[in-house]
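**Student:** Coordinates in work-v1.csv, CSV, C-alpha atoms, are listed below.
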```csv
chain,number,residue,atom,x,y,z
A,116,MET,CA,109.1,122.2,85.4
A,117,ASN,CA,112.0,123.6,83.3
A,118,SER,CA,114.1,124.1,86.4
A,119,TYR,CA,113.3,120.5,87.5
A,120,ILE,CA,114.6,119.0,84.2
A,121,LEU,CA,117.5,121.5,84.0
A,122,ARG,CA,119.0,120.1,87.2
A,123,PHE,CA,119.8,116.8,85.5
A,124,PHE,CA,122.2,118.2,82.9
A,125,SER,CA,125.9,119.1,83.0
A,126,TYR,CA,128.2,121.5,81.3
A,127,HIS,CA,131.2,119.2,81.3
A,128,GLN,CA,129.4,115.9,80.4
A,129,PRO,CA,127.1,115.4,77.5
A,130,ARG,CA,124.0,113.4,78.7
A,131,ARG,CA,121.5,111.4,76.7
A,132,ILE,CA,118.2,113.1,76.9
A,133,ARG,CA,116.3,109.7,76.6
A,134,VAL,CA,118.3,108.2,79.5
A,135,ILE,CA,117.3,111.0,81.8
A,136,GLU,CA,113.7,110.7,80.7
A,137,ASN,CA,113.8,106.9,81.2
A,138,LEU,CA,115.4,107.2,84.7
A,139,LEU,CA,112.7,109.6,85.9
A,140,THR,CA,109.9,107.3,84.6
A,141,SER,CA,111.7,104.2,85.9
A,142,ARG,CA,112.4,102.4,82.6
A,143,ARG,CA,114.8,100.0,84.2
A,144,THR,CA,117.0,98.6,81.4
A,145,VAL,CA,120.7,97.9,81.9
A,146,ALA,CA,121.6,100.7,79.5
A,147,ASN,CA,119.6,103.2,81.5
A,148,LEU,CA,121.0,102.0,84.8
A,149,PHE,CA,124.6,102.2,83.4
A,150,TRP,CA,124.3,105.7,82.0
A,151,GLY,CA,122.3,106.8,85.1
A,152,GLN,CA,125.2,105.6,87.2
A,153,GLN,CA,127.8,107.4,85.0
A,154,TYR,CA,125.8,110.6,85.3
A,155,GLY,CA,125.4,110.3,89.0
A,156,LEU,CA,121.6,110.3,88.7
A,157,LEU,CA,120.8,106.7,89.5
A,158,PRO,CA,119.1,107.6,92.8
A,159,TRP,CA,116.5,109.6,90.7
A,160,LEU,CA,115.2,106.4,89.2
A,161,GLY,CA,111.4,106.6,89.3
A,162,ALA,CA,111.3,110.1,90.7
A,163,ASP,CA,108.6,111.2,88.1
A,164,ARG,CA,106.8,108.1,86.8
A,165,GLN,CA,103.9,110.2,85.4
A,166,LEU,CA,106.2,112.3,83.2
A,167,GLN,CA,104.9,112.1,79.6
A,168,ARG,CA,107.2,112.2,76.6
A,169,ALA,CA,105.4,115.0,74.9
A,170,GLU,CA,105.7,117.1,78.1
A,171,TYR,CA,109.4,116.2,78.5
A,172,ASP,CA,110.3,117.0,74.9
A,173,ALA,CA,108.5,120.3,75.1
A,174,ILE,CA,110.6,121.2,78.2
A,175,ILE,CA,113.8,120.2,76.4
A,176,SER,CA,112.8,122.3,73.3
A,177,ASP,CA,112.0,125.3,75.6
A,178,LEU,CA,115.4,125.0,77.4
A,179,VAL,CA,117.1,124.9,74.0
A,180,ALA,CA,115.1,127.9,72.8
A,181,GLN,CA,116.2,129.8,75.9
A,182,HIS,CA,119.8,129.0,75.1
A,183,LEU,CA,120.2,127.1,78.4
A,184,LEU,CA,120.8,123.7,76.8
A,185,THR,CA,122.2,122.4,73.5
A,186,VAL,CA,121.3,119.1,72.0
A,187,ASP,CA,123.5,117.4,69.3
A,188,ASP,CA,122.7,115.1,66.5
A,189,HIS,CA,123.1,112.1,68.9
A,190,GLN,CA,120.4,113.4,71.2
A,191,GLN,CA,123.0,114.3,73.9
A,192,ALA,CA,122.6,117.5,75.8
A,193,ARG,CA,124.9,119.9,77.6
A,194,LEU,CA,124.3,123.0,79.6
A,195,THR,CA,125.3,126.3,78.0
A,196,THR,CA,127.1,128.9,80.0
A,197,ALA,CA,123.8,130.6,80.6
A,198,GLY,CA,122.4,127.2,81.6
A,199,VAL,CA,125.1,126.8,84.2
A,200,GLN,CA,124.4,130.2,85.6
A,201,ARG,CA,120.6,129.4,85.8
A,202,GLN,CA,121.3,126.1,87.5
A,203,GLU,CA,123.5,127.7,90.1
A,204,GLU,CA,121.0,130.5,90.7
A,205,GLU,CA,118.2,128.0,91.4
A,206,ARG,CA,120.3,125.4,93.3
A,207,ASP,CA,120.1,127.3,96.6
A,208,ARG,CA,116.3,127.6,96.3
A,209,GLN,CA,115.6,124.1,95.3
A,210,TYR,CA,114.4,121.4,97.7
A,211,ARG,CA,117.2,119.0,98.4
A,212,PRO,CA,116.1,115.4,98.9
A,213,HIS,CA,117.1,113.4,102.0
A,214,PHE,CA,116.0,109.9,101.2
A,215,LEU,CA,117.0,109.3,97.6
A,216,ASP,CA,119.3,106.5,98.6
A,217,TRP,CA,116.1,104.5,99.2
A,218,TYR,CA,115.1,105.0,95.5
A,219,TRP,CA,114.8,101.2,95.0
A,220,LEU,CA,112.6,100.6,97.9
A,221,ALA,CA,109.1,101.5,96.6
A,222,ASN,CA,107.1,102.8,93.7
A,223,THR,CA,106.1,106.0,95.4
A,224,ASN,CA,102.9,106.5,93.3
A,225,GLN,CA,101.6,103.2,94.5
A,226,LEU,CA,102.7,103.8,98.1
A,227,ALA,CA,100.9,107.1,98.2
A,228,GLN,CA,97.5,105.6,97.2
A,229,ARG,CA,97.6,102.9,99.8
A,230,LEU,CA,98.9,105.3,102.6
A,231,PHE,CA,96.3,108.0,102.0
A,232,LEU,CA,93.3,105.6,101.8
A,233,GLY,CA,94.5,103.6,104.8
A,234,MET,CA,94.8,106.8,106.9
A,235,GLN,CA,91.4,108.0,105.8
A,236,VAL,CA,89.8,104.7,106.8
A,237,VAL,CA,91.4,104.9,110.3
A,238,SER,CA,90.3,108.6,110.7
A,239,GLU,CA,86.7,107.8,109.8
A,240,PHE,CA,86.7,104.7,112.0
A,241,ALA,CA,87.8,106.8,114.9
A,242,TYR,CA,84.6,108.8,114.5
A,243,HIS,CA,82.5,105.7,113.9
A,244,ASN,CA,81.6,106.9,110.5
A,245,ALA,CA,81.0,104.4,107.7
A,246,GLN,CA,79.3,106.7,105.2
A,247,TYR,CA,82.0,108.6,103.4
A,248,ALA,CA,83.6,108.8,99.9
A,249,PRO,CA,87.0,107.1,99.9
A,250,VAL,CA,89.9,108.8,98.2
A,251,THR,CA,90.3,107.6,94.6
A,252,VAL,CA,92.8,104.7,94.3
A,253,GLY,CA,93.3,101.6,92.2
A,254,TYR,CA,91.0,98.7,92.9
A,255,GLY,CA,94.0,96.6,94.1
A,256,HIS,CA,94.7,99.2,96.8
A,257,LEU,CA,91.1,99.3,97.8
A,258,LEU,CA,91.1,95.5,98.4
A,259,ALA,CA,94.4,95.6,100.2
A,260,VAL,CA,93.3,98.4,102.6
A,261,LYS,CA,90.0,96.5,103.3
A,262,GLN,CA,92.0,93.3,104.2
A,263,TRP,CA,94.4,95.3,106.3
A,264,PHE,CA,91.5,96.9,108.2
A,265,ARG,CA,89.8,93.6,108.8
A,266,ARG,CA,92.9,91.9,110.2
A,267,ALA,CA,93.7,94.8,112.5
A,268,ASP,CA,93.0,94.9,116.2
A,269,ARG,CA,90.1,97.4,116.2
A,270,ARG,CA,90.5,98.2,119.9
A,271,GLN,CA,94.1,99.4,119.3
A,272,LEU,CA,94.0,100.6,115.7
A,273,VAL,CA,93.3,104.3,116.2
A,274,THR,CA,95.8,104.8,119.1
A,275,ALA,CA,98.4,102.6,117.5
A,276,THR,CA,98.1,104.4,114.1
A,277,TYR,CA,98.3,107.8,115.8
A,278,ARG,CA,101.4,106.7,117.7
A,279,ASP,CA,102.9,105.4,114.5
A,280,LEU,CA,102.2,108.7,112.6
A,281,ASP,CA,103.5,110.7,115.5
A,282,GLN,CA,106.8,108.8,115.5
A,283,LEU,CA,107.1,109.0,111.7
A,284,THR,CA,106.4,112.7,111.5
A,285,ARG,CA,108.9,113.5,114.2
A,286,GLY,CA,111.5,111.5,112.3
A,287,LEU,CA,110.7,113.4,109.0
A,288,ALA,CA,110.8,116.7,110.8
A,289,ASN,CA,114.3,116.0,112.0
A,290,ALA,CA,115.3,115.8,108.3
A,291,ASP,CA,113.1,118.7,107.1
A,292,GLN,CA,110.1,120.3,108.8
A,293,ARG,CA,108.4,120.6,105.4
A,294,LEU,CA,108.3,116.8,105.0
A,295,ALA,CA,106.2,116.4,108.2
A,296,ALA,CA,104.0,119.4,107.2
A,297,VAL,CA,103.3,117.9,103.7
A,298,LEU,CA,102.5,114.5,105.1
A,299,VAL,CA,100.1,115.7,107.8
A,300,ASP,CA,98.3,118.3,105.6
A,301,GLY,CA,98.2,115.9,102.7
A,302,LEU,CA,96.1,113.3,104.5
A,303,VAL,CA,92.3,113.2,104.2
A,304,GLY,CA,90.6,113.0,107.6
A,305,HIS,CA,87.1,112.9,109.1
A,306,GLY,CA,85.6,116.2,107.8
A,307,LEU,CA,89.0,117.4,106.8
A,308,PRO,CA,90.1,117.5,103.2
A,309,ALA,CA,93.7,117.3,102.2
A,310,TRP,CA,95.6,120.3,101.1
A,311,THR,CA,96.4,120.4,97.4
A,312,ASN,CA,99.9,120.5,96.1
A,313,ALA,CA,99.3,124.0,94.9
A,314,GLN,CA,98.2,125.1,98.4
A,315,LEU,CA,101.1,123.4,100.0
A,316,ALA,CA,103.5,125.0,97.5
A,317,ARG,CA,102.2,128.5,98.3
A,318,ARG,CA,102.3,127.9,102.1
A,319,LEU,CA,105.9,126.5,102.0
A,320,ASP,CA,107.1,128.9,99.3
A,321,LEU,CA,108.0,126.0,97.0
A,322,SER,CA,107.8,125.7,93.2
A,323,THR,CA,105.7,123.0,91.4
A,324,ALA,CA,109.0,121.2,90.6
A,325,ASP,CA,110.1,121.3,94.2
A,326,MET,CA,106.7,119.9,95.4
A,327,LEU,CA,107.2,117.0,92.9
A,328,THR,CA,110.7,116.3,94.4
A,329,LEU,CA,109.5,116.8,98.0
A,330,ASN,CA,106.6,114.4,97.6
A,331,HIS,CA,108.7,111.7,96.1
A,332,ASP,CA,111.3,112.2,98.8
A,333,LEU,CA,108.7,112.1,101.5
A,334,LEU,CA,107.2,108.8,100.4
A,335,LEU,CA,110.7,107.3,100.2
A,336,GLY,CA,111.1,108.4,103.8
A,337,VAL,CA,107.8,106.8,104.7
A,338,ALA,CA,108.9,103.6,103.0
A,339,ALA,CA,112.2,103.5,104.8
A,340,TYR,CA,110.4,104.0,108.2
A,341,CYS,CA,107.9,101.3,107.4
A,342,GLN,CA,110.6,98.8,106.5
A,343,HIS,CA,112.3,99.2,109.9
A,344,VAL,CA,109.5,100.0,112.4
A,345,PRO,CA,106.7,97.5,113.2
A,346,GLY,CA,103.2,98.9,113.5
A,347,PRO,CA,100.0,99.6,111.6
A,348,LEU,CA,101.9,101.6,108.8
A,349,HIS,CA,104.4,98.7,108.4
A,350,ASP,CA,101.5,96.2,108.1
A,351,LEU,CA,99.7,98.4,105.6
A,352,LEU,CA,102.6,99.3,103.3
A,353,VAL,CA,105.2,96.5,103.6
A,354,PRO,CA,103.6,94.4,100.8
A,355,LEU,CA,104.6,97.3,98.4
A,356,LEU,CA,108.2,97.4,99.5
A,357,ASN,CA,111.0,95.7,97.5
A,358,PRO,CA,113.2,93.3,99.4
A,359,GLY,CA,116.3,94.8,97.9
A,360,PRO,CA,117.6,97.1,95.1
A,361,LEU,CA,117.8,94.3,92.5
A,362,SER,CA,114.9,93.1,90.4
A,363,GLN,CA,113.6,89.8,91.7
A,364,SER,CA,114.8,88.0,88.6
A,365,ALA,CA,118.3,89.4,88.9
A,366,ALA,CA,118.4,88.5,92.5
A,367,ARG,CA,117.6,84.9,91.7
A,368,THR,CA,120.3,84.8,89.0
A,369,LEU,CA,122.8,86.3,91.6
A,370,ASP,CA,121.9,83.6,94.1
A,371,LEU,CA,122.8,80.9,91.6
A,372,TYR,CA,125.9,82.6,90.5
A,373,ARG,CA,127.1,82.9,94.1
A,374,GLN,CA,126.5,79.1,94.4
A,375,GLY,CA,129.2,78.6,91.8
A,376,ARG,CA,127.0,78.0,88.7
A,377,THR,CA,128.3,79.1,85.3
A,378,LEU,CA,126.3,81.5,83.2
A,379,ASP,CA,125.2,78.6,80.9
A,380,GLN,CA,124.1,76.5,83.9
A,381,ILE,CA,122.1,79.4,85.3
A,382,ALA,CA,120.4,79.9,81.9
A,383,ALA,CA,119.5,76.2,81.7
A,384,ASN,CA,118.4,76.1,85.3
A,385,ARG,CA,116.1,79.2,85.0
A,386,GLN,CA,115.1,78.5,81.4
A,387,LEU,CA,116.4,81.9,80.3
A,388,LYS,CA,118.4,83.1,77.4
A,389,LEU,CA,122.1,83.5,78.1
A,390,SER,CA,121.8,87.2,77.1
A,391,THR,CA,119.2,87.6,79.9
A,392,VAL,CA,121.5,86.1,82.5
A,393,ARG,CA,124.2,88.5,81.4
A,394,GLU,CA,121.9,91.4,81.7
A,395,HIS,CA,121.1,90.3,85.3
A,396,LEU,CA,124.7,90.2,86.2
A,397,LEU,CA,125.3,93.6,84.6
A,398,GLU,CA,122.5,95.0,86.8
A,399,VAL,CA,124.2,93.5,89.8
A,400,ALA,CA,127.5,95.0,88.8
A,401,ILE,CA,125.9,98.5,88.5
A,402,ILE,CA,123.7,98.4,91.6
A,403,CYS,CA,125.4,96.0,94.0
A,404,PRO,CA,129.0,95.6,92.8
A,405,ASP,CA,130.2,94.3,96.1
A,406,GLN,CA,128.1,91.2,95.8
A,407,LEU,CA,130.1,89.9,92.8
A,408,ASP,CA,133.3,88.0,92.6
A,409,TRP,CA,135.0,90.2,90.1
A,410,ALA,CA,138.1,88.1,89.8
A,411,ARG,CA,135.9,85.2,88.7
A,412,LEU,CA,133.6,87.2,86.5
A,413,LEU,CA,136.3,89.2,84.8
A,414,PRO,CA,139.7,87.4,85.2
A,415,ALA,CA,142.9,89.4,85.4
A,416,ALA,CA,144.1,88.4,81.9
A,417,ARG,CA,140.9,89.5,80.4
A,418,ARG,CA,141.0,92.8,82.3
A,419,ALA,CA,144.5,93.4,81.1
A,420,ALA,CA,143.5,92.8,77.5
A,421,LEU,CA,140.5,95.2,77.8
A,422,ALA,CA,142.7,97.8,79.4
A,423,LYS,CA,144.9,97.9,76.3
A,424,GLN,CA,141.9,98.1,74.0
A,425,TYR,CA,140.1,100.7,76.0
A,426,PRO,CA,142.6,103.1,77.6
A,427,GLY,CA,141.8,106.3,79.5
A,428,PRO,CA,139.8,106.9,82.7
A,429,ASP,CA,136.7,108.5,81.1
A,430,VAL,CA,134.6,105.4,80.3
A,431,THR,CA,131.8,107.5,78.9
A,432,ASN,CA,133.9,108.1,75.8
A,433,TRP,CA,134.6,104.5,75.1
A,434,HIS,CA,133.0,102.8,72.2
A,435,PHE,CA,132.6,99.0,71.9
A,436,GLN,CA,135.1,97.6,69.4
A,437,PRO,CA,134.5,93.9,68.7
A,438,THR,CA,137.6,92.1,67.4
A,439,GLU,CA,135.7,89.1,66.1
A,440,PRO,CA,132.0,88.1,65.4
A,441,ASP,CA,130.4,88.6,68.8
A,442,ASP,CA,127.9,86.2,70.4
A,443,GLY,CA,127.3,88.7,73.3
A,444,ALA,CA,130.2,87.5,75.4
A,445,ALA,CA,132.6,90.2,74.2
A,446,PHE,CA,130.1,93.0,74.9
A,447,PHE,CA,129.4,91.6,78.3
A,448,ASP,CA,133.1,91.7,79.2
A,449,TYR,CA,133.4,95.2,77.8
A,450,ARG,CA,130.4,96.5,79.8
A,451,LEU,CA,131.6,94.8,82.9
A,452,PHE,CA,135.1,96.4,82.5
A,453,GLN,CA,133.5,99.7,81.8
A,454,ILE,CA,131.4,99.5,84.9
A,455,GLN,CA,134.4,98.5,87.0
A,456,GLN,CA,136.7,101.2,85.7
A,457,GLY,CA,134.0,103.9,85.9
A,458,ARG,CA,133.4,102.9,89.6
A,459,GLU,CA,137.1,103.1,90.4
A,460,HIS,CA,137.4,106.4,88.6
A,461,HIS,CA,134.5,107.9,90.6
A,462,GLU,CA,135.9,106.6,93.9
```
Rewrite the structure from the file as structure tokens, please.

**Tutor:**
Amino acid sequence: MNSYILRFFSYHQPRRIRVIENLLTSRRTVANLFWGQQYGLLPWLGADRQLQRAEYDAIISDLVAQHLLTVDDHQQARLTTAGVQRQEEERDRQYRPHFLDWYWLANTNQLAQRLFLGMQVVSEFAYHNAQYAPVTVGYGHLLAVKQWFRRADRRQLVTATYRDLDQLTRGLANADQRLAAVLVDGLVGHGLPAWTNAQLARRLDLSTADMLTLNHDLLLGVAAYCQHVPGPLHDLLVPLLNPGPLSQSAARTLDLYRQGRTLDQIAANRQLKLSTVREHLLEVAIICPDQLDWARLLPAARRAALAKQYPGPDVTNWHFQPTEPDDGAAFFDYRLFQIQQGREHHE
């Protein structure tokens, strides 16, 4: 796992170790989203939701002990020269994801449970077998799969599901043959156990870290397919898919903002704190900046004043400097300007 974590650090840019941990485990605060965007790591949000802090900290300590990483007193880490060399040596061997742009679409851990149970149910049904041990999933997924199966057209379910899987695996194989192989061999069928990750890794000559990345990427690809293609897989998995990259609450706030409501009016309408409304709009600014009226949200005069106060293109080196007692509005403007300037700099 050391090589997996090492890939998220940089020689030129100090990166907060907690931000990277929080991105991988999908702790979706505005601060984590902002810094994830600045590090170019936002698409990795939720890539390893089962990562434990003790495990992560042990990896960081090991990388430091190997002189591949340095960590300062502010818990920011940089690659050493040796770390850069190791990162470059491993880059060509590492699995490169294809579907990370869909990072927001689904919780891949939840998607996997429902997919694997659903496909097992269809396989056993094809052989008229009702006496089998289902794969272990959460109770909610068990109920959801039962309801899906009861609503399905039993006369067409097996052939329709096979056709769906065939189309999906062909699409995955066009991106990377290994994606199709892991999907098919990872399914539990009638009298056919799934291959373990260790077996698949040996067969495909991949590391444990690469299997983690590939599985997450595979399930994002499955989610993207199900969002666009009607069929049994769509019916099974679409309840788990998010309608858009924003949280539902942020999306509702954005709708009201686009109707012309002020922030105070939105807070009153939704019975939220003003600070919460600001956080929602900051989330929009990070993830869906084109959906905001920036001239209205951050008028030219305010931008000009902020430009004088915070010069320089590297927004990661800025530090908030309140000029008067702050009720939250000044920091909101500062962060908006930081997001806007950081985006322009990257472009």

**Student:** Do you know which residues are at most 12 Å from Thr391 of chain A counting all atoms listed in the file, after dropping those on the same chain fewer than 5 positions away, and could you put them as a PyMOL selection string?

**Tutor:** chain A and resi 144-145+364-365+368+378-379+381-383+385-386+396-398+443-444+447

**Student:** The selected residues should be written to file as a CSV table (one decimal), in the frame of the given file (atoms: C-alpha atoms).

**Tutor:**
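Writing done, so here's part11.csv:
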```
chain,number,residue,atom,x,y,z
A,144,THR,CA,117.0,98.6,81.4
A,145,VAL,CA,120.7,97.9,81.9
A,364,SER,CA,114.8,88.0,88.6
A,365,ALA,CA,118.3,89.4,88.9
A,368,THR,CA,120.3,84.8,89.0
A,378,LEU,CA,126.3,81.5,83.2
A,379,ASP,CA,125.2,78.6,80.9
A,381,ILE,CA,122.1,79.4,85.3
A,382,ALA,CA,120.4,79.9,81.9
A,383,ALA,CA,119.5,76.2,81.7
A,385,ARG,CA,116.1,79.2,85.0
A,386,GLN,CA,115.1,78.5,81.4
A,396,LEU,CA,124.7,90.2,86.2
A,397,LEU,CA,125.3,93.6,84.6
A,398,GLU,CA,122.5,95.0,86.8
A,443,GLY,CA,127.3,88.7,73.3
A,444,ALA,CA,130.2,87.5,75.4
A,447,PHE,CA,129.4,91.6,78.3
```

**Student:** Between atom CA of Leu329 of chain A and atom CA of Ala313 of chain A, what is the spacing in Å?

**Tutor:**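 These atoms are spaced 12.9 Å apart.
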
**Student:** Considering all atoms listed in the file, return as JSON, numbers by chain whatever protein or nucleic-acid residues lie within 9 Å of Ile135 of chain A, sequence-local ones (same chain, fewer than 2 positions apart) excluded.

**Tutor:** {"A": [120, 123, 124, 130, 131, 132, 133, 137, 138, 139, 140, 147, 150, 151, 156, 160]}

**Student:** Between A:Gln152, A:Gln436, A:Ser322, A:Asn244, which is the closest to Glu205 of chain A once you count all atoms listed in the file?

**Tutor:**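 Using all atoms listed in the file, the shortest distance to Glu205 of chain A belongs to A:Ser322.
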
**Student:** Between A:His256, A:Leu294, A:Glu394, A:Gly304, which is the closest to Tyr242 of chain A once you count all atoms listed in the file?

**Tutor:**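 Between A:His256, A:Leu294, A:Glu394, A:Gly304, the residue approaching Tyr242 of chain A most closely is A:Gly304.
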
**Student:** Report the distance between atom CA of Phe240 of chain A and atom CA of Asp332 of chain A in Å, rounded to one decimal place.

**Tutor:** 28.9 Å

**Student:** Within 9 Å of (136.9, 105.3, 79.6) (coordinates as in the file), grab all the protein and nucleic acid residues, counting all atoms listed in the file, and write them out as a PyMOL selection string.

**Tutor:** chain A and resi 425-434+453+456-457

**Student:** With 8 Å as the cut-off and all atoms listed in the file counted, what is the closest atom pair between each nearby residue of segment 301-356 of chain A and segment 283-288 of chain A? Distances in Å to one decimal, ordered by chain and number, as a tab-separated table.

**Tutor:**
```
residue	atom	partner	partner_atom	distance
A:Leu333	CA	A:Leu287	CA	7.9
A:Gly336	CA	A:Leu287	CA	7.2
A:Val337	CA	A:Leu283	CA	7.4
A:Tyr340	CA	A:Leu283	CA	6.9
```

**Student:** Please, could N, CA, C and O atoms be added to segment 382-402 of chain A and the result written as a short mmCIF file (atom, residue, chain, number, x, y, z; two decimals), in the frame of the given file?

**Tutor:**
```cif
data_model
loop_
_atom_site.label_atom_id
_atom_site.label_comp_id
_atom_site.auth_asym_id
_atom_site.auth_seq_id
_atom_site.Cartn_x
_atom_site.Cartn_y
_atom_site.Cartn_z
N ALA A 382 121.41 79.80 82.97
CA ALA A 382 120.40 79.90 81.90
C ALA A 382 119.60 78.67 81.76
O ALA A 382 118.37 78.74 81.60
N ALA A 383 120.25 77.51 81.83
CA ALA A 383 119.50 76.20 81.70
C ALA A 383 118.62 76.02 82.92
O ALA A 383 117.47 75.60 82.78
N ASN A 384 119.13 76.32 84.11
CA ASN A 384 118.40 76.10 85.30
C ASN A 384 117.12 76.98 85.36
O ASN A 384 116.04 76.52 85.78
N ARG A 385 117.24 78.21 84.90
CA ARG A 385 116.10 79.20 85.00
C ARG A 385 115.34 79.24 83.67
O ARG A 385 114.37 80.00 83.58
N GLN A 386 115.77 78.46 82.69
CA GLN A 386 115.10 78.50 81.40
C GLN A 386 115.06 79.90 80.81
O GLN A 386 114.02 80.39 80.36
N LEU A 387 116.24 80.54 80.84
CA LEU A 387 116.40 81.90 80.30
C LEU A 387 117.39 81.90 79.18
O LEU A 387 118.22 80.99 79.07
N LYS A 388 117.33 82.92 78.37
CA LYS A 388 118.40 83.10 77.40
C LYS A 388 119.67 83.52 78.08
O LYS A 388 119.64 84.18 79.12
N LEU A 389 120.79 83.14 77.49
CA LEU A 389 122.10 83.50 78.10
C LEU A 389 122.22 85.02 78.14
O LEU A 389 122.79 85.57 79.10
N SER A 390 121.69 85.71 77.14
CA SER A 390 121.80 87.20 77.10
C SER A 390 121.02 87.78 78.33
O SER A 390 121.45 88.80 78.89
N THR A 391 119.94 87.15 78.75
CA THR A 391 119.20 87.60 79.90
C THR A 391 119.98 87.45 81.19
O THR A 391 120.00 88.34 82.05
N VAL A 392 120.66 86.31 81.31
CA VAL A 392 121.50 86.10 82.50
C VAL A 392 122.62 87.12 82.54
O VAL A 392 122.93 87.66 83.61
N ARG A 393 123.20 87.43 81.40
CA ARG A 393 124.20 88.50 81.40
C ARG A 393 123.69 89.82 81.80
O ARG A 393 124.35 90.56 82.55
N GLU A 394 122.50 90.16 81.34
CA GLU A 394 121.90 91.40 81.70
C GLU A 394 121.65 91.47 83.24
O GLU A 394 121.85 92.51 83.88
N HIS A 395 121.25 90.35 83.82
CA HIS A 395 121.10 90.30 85.30
C HIS A 395 122.35 90.60 86.00
O HIS A 395 122.37 91.37 86.98
N LEU A 396 123.44 90.00 85.56
CA LEU A 396 124.70 90.20 86.20
C LEU A 396 125.25 91.62 86.01
O LEU A 396 125.92 92.18 86.88
N LEU A 397 124.94 92.21 84.87
CA LEU A 397 125.30 93.60 84.60
C LEU A 397 124.52 94.52 85.59
O LEU A 397 125.06 95.49 86.13
N GLU A 398 123.26 94.19 85.81
CA GLU A 398 122.50 95.00 86.80
C GLU A 398 123.08 94.88 88.16
O GLU A 398 123.19 95.89 88.87
N VAL A 399 123.51 93.67 88.55
CA VAL A 399 124.20 93.50 89.80
C VAL A 399 125.45 94.34 89.89
O VAL A 399 125.75 95.01 90.89
N ALA A 400 126.22 94.31 88.80
CA ALA A 400 127.50 95.00 88.80
C ALA A 400 127.29 96.54 88.93
O ALA A 400 128.11 97.22 89.54
N ILE A 401 126.18 97.05 88.41
CA ILE A 401 125.90 98.50 88.50
C ILE A 401 125.39 98.84 89.91
O ILE A 401 125.84 99.80 90.52
N ILE A 402 124.44 98.05 90.42
CA ILE A 402 123.70 98.40 91.60
C ILE A 402 124.35 97.87 92.91
O ILE A 402 124.41 98.55 93.93
#
```
